Amino acid sequence: MTGQLTGYLILLVFAVILIGISALINKNNKLNRVDELLTAGRGIPFGFIAASVFVAWVWAGSLMGAGEAGIWYGVSGGFNYAWGAALPFLLFIPIALRIRKIMPKSTTFIEFIRERFGARLANTFLVFGICLVLYVCVMQAVGIAYAFEYTFGLNFKITAFLASMLFASFIAIAGLRGSIYNSVFQFFVIMLVVFVTVPFIVKELGVAHIFESLNIIATDASHPEHNADALNFFSTAGLRYGLSAVVIAMGQVLLSQSYYSTAASAKSTKSLFWAYLIGTVVAWMPIPIIFGNVVGGGFHALGLTSGDVPVDSGAAPYIFQLVLGDFGAVAFVILILMTGITTGGNGLAGLQAMFTLDLYKRYIRRDATEEQQTKFGRMIILVAGAVIGFAATFLDGVSLLMIDIFSGILFAAPAAALILGLWLDKINSKVAFASIIIGLGSGLAAFALISDDELNWFVGNMFSLILPFIVLLVSIPFTKERFDYNVLSNYEPSHDLGKGGA
Amino acid sequence: MSLETFSFFYYFVFIWGGAGMLFIAVVLIREMLQMGKKADDMEAELSKAKAIGSEESTI
């Protein structure tokens, strides 16, 4: 059952379904119009947005990473992962609403940065934005390849490449609309898998047994997995992990164009607000808590130790397979495939917008027609898919969690300039640029210079996020010039926005 | 943490997640049905307009 053929068959079946949905969308919509391709015509209703946001934020990290946190930190692990990753999303909601209000005709956040701070900072954000999407997509391809390699023995490199070409294909065919509509299908698959398999695992292991196992871990100092805080909901180590999750997620949310594109595609401001709130806090937040509880608790209830099974990538599939047999293994792989493809596809839809509007139209071909722009947007995503697949083939054996933690240092530094630049008119372009350099430099320096491996990543992440805020806030009393936000409301993009433009 | 609190936490998160996803699922199904109905209406109107057009050209 769990042979290579089954693995390739699963990939093929989902490839046919997802590309089929995209081909259908392509046939029924005018996707040679820039606004249709990049913001799905700005008329997507609440439920589609909520499902899209939910599945885009559920990825291998939310399942395997939260499970790992549950193993290390006990009962507080999944919860700390969840609030840490949800907080930046709560912050994103007022940001998306603010951009929609002050610059209603924008598509990318780079357009806002360009009008607010000028070309230099816009290009800096463009580089950060492109690198972030490539990083997130590479991680999805790696996560999918790990799951297929572990369960079916598929070749890591081939699977990573096929997975990235799959999500690149359906975005190249149908743009953001393809990402959102496919998300709906994937939402139902994820929902079905989670709420069929997880209760079975809990029933098999028993809540009382899980509790007893954690109790032993907490009280028996001679236990190899001893953790005195295993049953402490407010443990300091868990809280520290939650704080670093905030920093890591901050860059991943605020610099990801796909969330801005999805926000721009919402039918109304009201549906945008509720879709993002319900998609994240109500529907998404319990998922990592559930996986932290079930994988973390299950790991100890089964008497496993970190020597038996690799905690970072192997614990979750191991528990699914051990408790539910072949059915569990297949279900887990489908879950990882769906979560990885949705996040990758969503990321590429954002990349398509940045490449088309902020690079091609602005720098490569200024007189490009809408048809030429959409053609470029489709082609470049296939190229990006190949690059992502190629990059992912080199990461066999690399810990997803370590890369994730390091990404916080790299991508959190620009958050302050973006957030404060939206509300404070005295934030200056030069200081904003300096704040990014200071945040990034100090974060990397802390990571490299602090010898304590338990502390260097935490301090590095905190420096990268917090120092730019301090620099910008301190600069305010010394800045004379004020930015007039009214100029943003007159912003006119070069492409036609159709009926959803205002 | 007692067994009761632990069990409550486990089941509460399940109910919370289940309710959240179920809510989105119900809204999605409703929206998909509405979109289907809208597409059917548009198709009916289009074929009606086509029929009128062909009648006029015959006259």
# chains A, B, ... in the order shown; residues from 1 in each chain; ligands from 1
call {"tool": "closest_atom_pairs", "arguments": {"of": "segment 313-350 of chain A", "to": "segment 7-17 of chain A", "cutoff": "12 Å", "atoms": "only C-alpha atoms", "output": "JSON lines"}}
result
{"residue": "A:Ala329", "atom": "CA", "partner": "A:Gly7", "partner_atom": "CA", "distance": 10.7}
{"residue": "A:Val330", "atom": "CA", "partner": "A:Gly7", "partner_atom": "CA", "distance": 8.5}
{"residue": "A:Ala331", "atom": "CA", "partner": "A:Ile10", "partner_atom": "CA", "distance": 10.6}
{"residue": "A:Phe332", "atom": "CA", "partner": "A:Ile10", "partner_atom": "CA", "distance": 11.9}
{"residue": "A:Val333", "atom": "CA", "partner": "A:Gly7", "partner_atom": "CA", "distance": 8.7}
{"residue": "A:Ile334", "atom": "CA", "partner": "A:Ile10", "partner_atom": "CA", "distance": 7.7}
{"residue": "A:Leu335", "atom": "CA", "partner": "A:Ile10", "partner_atom": "CA", "distance": 11.4}
{"residue": "A:Ile336", "atom": "CA", "partner": "A:Leu11", "partner_atom": "CA", "distance": 11.7}
{"residue": "A:Leu337", "atom": "CA", "partner": "A:Leu11", "partner_atom": "CA", "distance": 8.3}
{"residue": "A:Met338", "atom": "CA", "partner": "A:Phe14", "partner_atom": "CA", "distance": 8.8}
{"residue": "A:Ile341", "atom": "CA", "partner": "A:Phe14", "partner_atom": "CA", "distance": 10.0}
{"residue": "A:Thr342", "atom": "CA", "partner": "A:Phe14", "partner_atom": "CA", "distance": 11.9}
call {"tool": "residues_around", "arguments": {"residues": "Trp16 of chain B", "least_positions_apart": "6", "cutoff": "9 Å", "atoms": "only C-alpha atoms", "output": "VMD selection string"}}
result
chain A and resid 282 to 283 286
call {"tool": "write_last_selection", "arguments": {"atoms": "all heavy atoms", "output": "PDB file, in the first residue's frame"}}
result
ATOM      1  N   VAL A 282     -10.446  32.130  14.416  1.00  0.00           N
ATOM      2  CA  VAL A 282     -11.480  31.129  14.718  1.00  0.00           C
ATOM      3  C   VAL A 282     -11.124  29.757  14.124  1.00  0.00           C
ATOM      4  O   VAL A 282     -11.212  28.744  14.806  1.00  0.00           O
ATOM      5  CB  VAL A 282     -12.862  31.605  14.214  1.00  0.00           C
ATOM      6  CG1 VAL A 282     -13.924  30.568  14.528  1.00  0.00           C
ATOM      7  CG2 VAL A 282     -13.219  32.929  14.871  1.00  0.00           C
ATOM      8  N   ALA A 283     -10.690  29.742  12.854  1.00  0.00           N
ATOM      9  CA  ALA A 283     -10.480  28.433  12.221  1.00  0.00           C
ATOM     10  C   ALA A 283      -9.032  27.951  12.270  1.00  0.00           C
ATOM     11  O   ALA A 283      -8.786  26.773  12.499  1.00  0.00           O
ATOM     12  CB  ALA A 283     -10.957  28.489  10.772  1.00  0.00           C
ATOM     13  N   PRO A 286      -6.855  26.893  16.252  1.00  0.00           N
ATOM     14  CA  PRO A 286      -6.903  25.595  16.938  1.00  0.00           C
ATOM     15  C   PRO A 286      -6.052  24.508  16.285  1.00  0.00           C
ATOM     16  O   PRO A 286      -5.663  23.560  16.962  1.00  0.00           O
ATOM     17  CB  PRO A 286      -8.394  25.205  16.842  1.00  0.00           C
ATOM     18  CG  PRO A 286      -9.110  26.398  16.385  1.00  0.00           C
ATOM     19  CD  PRO A 286      -8.160  27.299  15.714  1.00  0.00           C
TER      20      PRO A 286
END
call {"tool": "closest_residue", "arguments": {"among": "A:Pro414, A:Gly242, A:Gly178, A:Gly41", "to": "Arg378 of chain A", "atoms": "only C-alpha atoms"}}
result
A:Gly178
call {"tool": "interface_residues", "arguments": {"of": "chain B", "to": "chain A", "cutoff": "12 Å", "atoms": "only C-alpha atoms", "output": "ChimeraX atom specification"}}
result
/B:1-32,34-35,39
call {"tool": "write_last_selection", "arguments": {"atoms": "N, CA, C and O atoms", "output": "CSV table (one decimal), in the first residue's frame"}}
result
chain,number,residue,atom,x,y,z
B,1,MET,N,-1.4,21.1,36.6
B,1,MET,CA,-2.6,21.0,35.8
B,1,MET,C,-3.3,19.6,36.1
B,1,MET,O,-2.6,18.6,36.1
B,2,SER,N,-4.6,19.6,36.5
B,2,SER,CA,-5.3,18.4,36.8
B,2,SER,C,-5.7,17.7,35.5
B,2,SER,O,-5.8,18.3,34.4
B,3,LEU,N,-6.1,16.4,35.7
B,3,LEU,CA,-6.6,15.6,34.5
B,3,LEU,C,-7.9,16.3,33.9
B,3,LEU,O,-8.1,16.4,32.7
B,4,GLU,N,-8.7,16.9,34.8
B,4,GLU,CA,-10.0,17.5,34.3
B,4,GLU,C,-9.7,18.7,33.5
B,4,GLU,O,-10.2,18.9,32.4
B,5,THR,N,-8.7,19.6,33.9
B,5,THR,CA,-8.4,20.8,33.2
B,5,THR,C,-7.7,20.3,31.8
B,5,THR,O,-8.0,20.9,30.8
B,6,PHE,N,-6.9,19.3,31.9
B,6,PHE,CA,-6.2,18.8,30.7
B,6,PHE,C,-7.2,18.3,29.7
B,6,PHE,O,-7.2,18.7,28.5
B,7,SER,N,-8.2,17.5,30.2
B,7,SER,CA,-9.2,16.9,29.3
B,7,SER,C,-10.1,18.1,28.7
B,7,SER,O,-10.4,18.1,27.5
B,8,PHE,N,-10.4,19.0,29.5
B,8,PHE,CA,-11.2,20.1,29.1
B,8,PHE,C,-10.5,20.9,27.9
B,8,PHE,O,-11.1,21.2,26.9
B,9,PHE,N,-9.2,21.1,28.1
B,9,PHE,CA,-8.4,21.8,27.1
B,9,PHE,C,-8.4,21.0,25.8
B,9,PHE,O,-8.6,21.6,24.7
B,10,TYR,N,-8.2,19.7,25.9
B,10,TYR,CA,-8.1,18.9,24.7
B,10,TYR,C,-9.4,19.0,23.9
B,10,TYR,O,-9.4,19.2,22.7
B,11,TYR,N,-10.5,18.8,24.6
B,11,TYR,CA,-11.8,18.8,23.9
B,11,TYR,C,-12.3,20.1,23.5
B,11,TYR,O,-12.9,20.3,22.4
B,12,PHE,N,-12.0,21.1,24.3
B,12,PHE,CA,-12.3,22.5,23.9
B,12,PHE,C,-11.7,22.9,22.6
B,12,PHE,O,-12.3,23.5,21.7
B,13,VAL,N,-10.4,22.6,22.4
B,13,VAL,CA,-9.7,23.0,21.2
B,13,VAL,C,-10.3,22.2,20.0
B,13,VAL,O,-10.5,22.8,18.9
B,14,PHE,N,-10.7,21.0,20.2
B,14,PHE,CA,-11.4,20.2,19.1
B,14,PHE,C,-12.7,20.9,18.7
B,14,PHE,O,-13.0,21.1,17.5
B,15,ILE,N,-13.5,21.3,19.7
B,15,ILE,CA,-14.8,21.9,19.4
B,15,ILE,C,-14.6,23.3,18.8
B,15,ILE,O,-15.2,23.6,17.8
B,16,TRP,N,-13.6,24.0,19.3
B,16,TRP,CA,-13.3,25.3,18.7
B,16,TRP,C,-12.9,25.2,17.2
B,16,TRP,O,-13.4,25.9,16.4
B,17,GLY,N,-11.9,24.3,16.9
B,17,GLY,CA,-11.5,24.1,15.6
B,17,GLY,C,-12.6,23.6,14.7
B,17,GLY,O,-12.8,24.0,13.5
B,18,GLY,N,-13.4,22.6,15.2
B,18,GLY,CA,-14.5,22.0,14.4
B,18,GLY,C,-15.5,23.1,14.1
B,18,GLY,O,-15.9,23.2,12.9
B,19,ALA,N,-15.9,23.9,15.1
B,19,ALA,CA,-16.9,24.9,14.9
B,19,ALA,C,-16.4,25.9,13.8
B,19,ALA,O,-17.1,26.3,12.9
B,20,GLY,N,-15.1,26.4,13.9
B,20,GLY,CA,-14.6,27.4,13.0
B,20,GLY,C,-14.6,26.9,11.6
B,20,GLY,O,-15.0,27.5,10.7
B,21,MET,N,-14.1,25.6,11.4
B,21,MET,CA,-14.0,25.1,10.0
B,21,MET,C,-15.4,24.8,9.5
B,21,MET,O,-15.7,25.0,8.3
B,22,LEU,N,-16.3,24.3,10.3
B,22,LEU,CA,-17.6,24.0,9.9
B,22,LEU,C,-18.4,25.3,9.5
B,22,LEU,O,-19.1,25.3,8.5
B,23,PHE,N,-18.1,26.3,10.2
B,23,PHE,CA,-18.8,27.6,9.9
B,23,PHE,C,-18.3,28.1,8.5
B,23,PHE,O,-19.2,28.4,7.6
B,24,ILE,N,-17.0,28.0,8.2
B,24,ILE,CA,-16.5,28.4,6.9
B,24,ILE,C,-17.1,27.5,5.8
B,24,ILE,O,-17.5,27.9,4.7
B,25,ALA,N,-17.1,26.2,6.1
B,25,ALA,CA,-17.6,25.2,5.1
B,25,ALA,C,-19.1,25.5,4.8
B,25,ALA,O,-19.4,25.5,3.6
B,26,VAL,N,-19.9,25.8,5.8
B,26,VAL,CA,-21.3,26.1,5.5
B,26,VAL,C,-21.5,27.4,4.6
B,26,VAL,O,-22.2,27.4,3.6
B,27,VAL,N,-20.7,28.4,5.0
B,27,VAL,CA,-20.7,29.7,4.2
B,27,VAL,C,-20.3,29.4,2.8
B,27,VAL,O,-20.9,29.9,1.8
B,28,LEU,N,-19.2,28.6,2.7
B,28,LEU,CA,-18.7,28.3,1.3
B,28,LEU,C,-19.7,27.6,0.4
B,28,LEU,O,-19.9,28.0,-0.7
B,29,ILE,N,-20.4,26.6,1.0
B,29,ILE,CA,-21.4,25.9,0.2
B,29,ILE,C,-22.5,26.8,-0.2
B,29,ILE,O,-22.9,26.8,-1.4
B,30,ARG,N,-22.9,27.7,0.7
B,30,ARG,CA,-24.0,28.6,0.4
B,30,ARG,C,-23.5,29.6,-0.7
B,30,ARG,O,-24.3,29.8,-1.7
B,31,GLU,N,-22.3,30.1,-0.6
B,31,GLU,CA,-21.8,31.0,-1.7
B,31,GLU,C,-21.6,30.3,-3.0
B,31,GLU,O,-21.9,30.8,-4.1
B,32,MET,N,-21.2,29.0,-3.0
B,32,MET,CA,-21.0,28.2,-4.2
B,32,MET,C,-22.4,28.0,-4.9
B,32,MET,O,-22.5,28.1,-6.1
B,34,GLN,N,-25.0,29.9,-4.6
B,34,GLN,CA,-25.4,31.2,-5.1
B,34,GLN,C,-24.7,31.5,-6.4
B,34,GLN,O,-25.3,32.0,-7.4
B,35,MET,N,-23.4,31.2,-6.5
B,35,MET,CA,-22.7,31.5,-7.7
B,35,MET,C,-23.2,30.6,-8.9
B,35,MET,O,-23.3,31.0,-10.0
B,39,ALA,N,-24.9,31.9,-12.3
B,39,ALA,CA,-24.4,31.5,-13.6
B,39,ALA,C,-25.5,30.9,-14.5
B,39,ALA,O,-25.6,31.1,-15.7
call {"tool": "closest_residue", "arguments": {"among": "A:Gly118, A:Pro493, A:Gly303, A:Gly70", "to": "Lys430 of chain A", "atoms": "only C-alpha atoms"}}
result
A:Gly118
call {"tool": "residues_around", "arguments": {"residues": "segment 396-411 of chain A", "least_positions_apart": "2", "cutoff": "10 Å", "atoms": "only C-alpha atoms", "output": "ChimeraX atom specification"}}
result
/A:60-61,64-65,68,128-129,131-132,135-136,139-140,142-143,145-146,156-157,160,244-255,312-313,392-394,413-415,436,439-444,446-447,457-465
call {"tool": "atom_distance", "arguments": {"atom1": "atom CA of Glu225 of chain A", "atom2": "atom CA of Gln321 of chain A"}}
result
22.1 Å
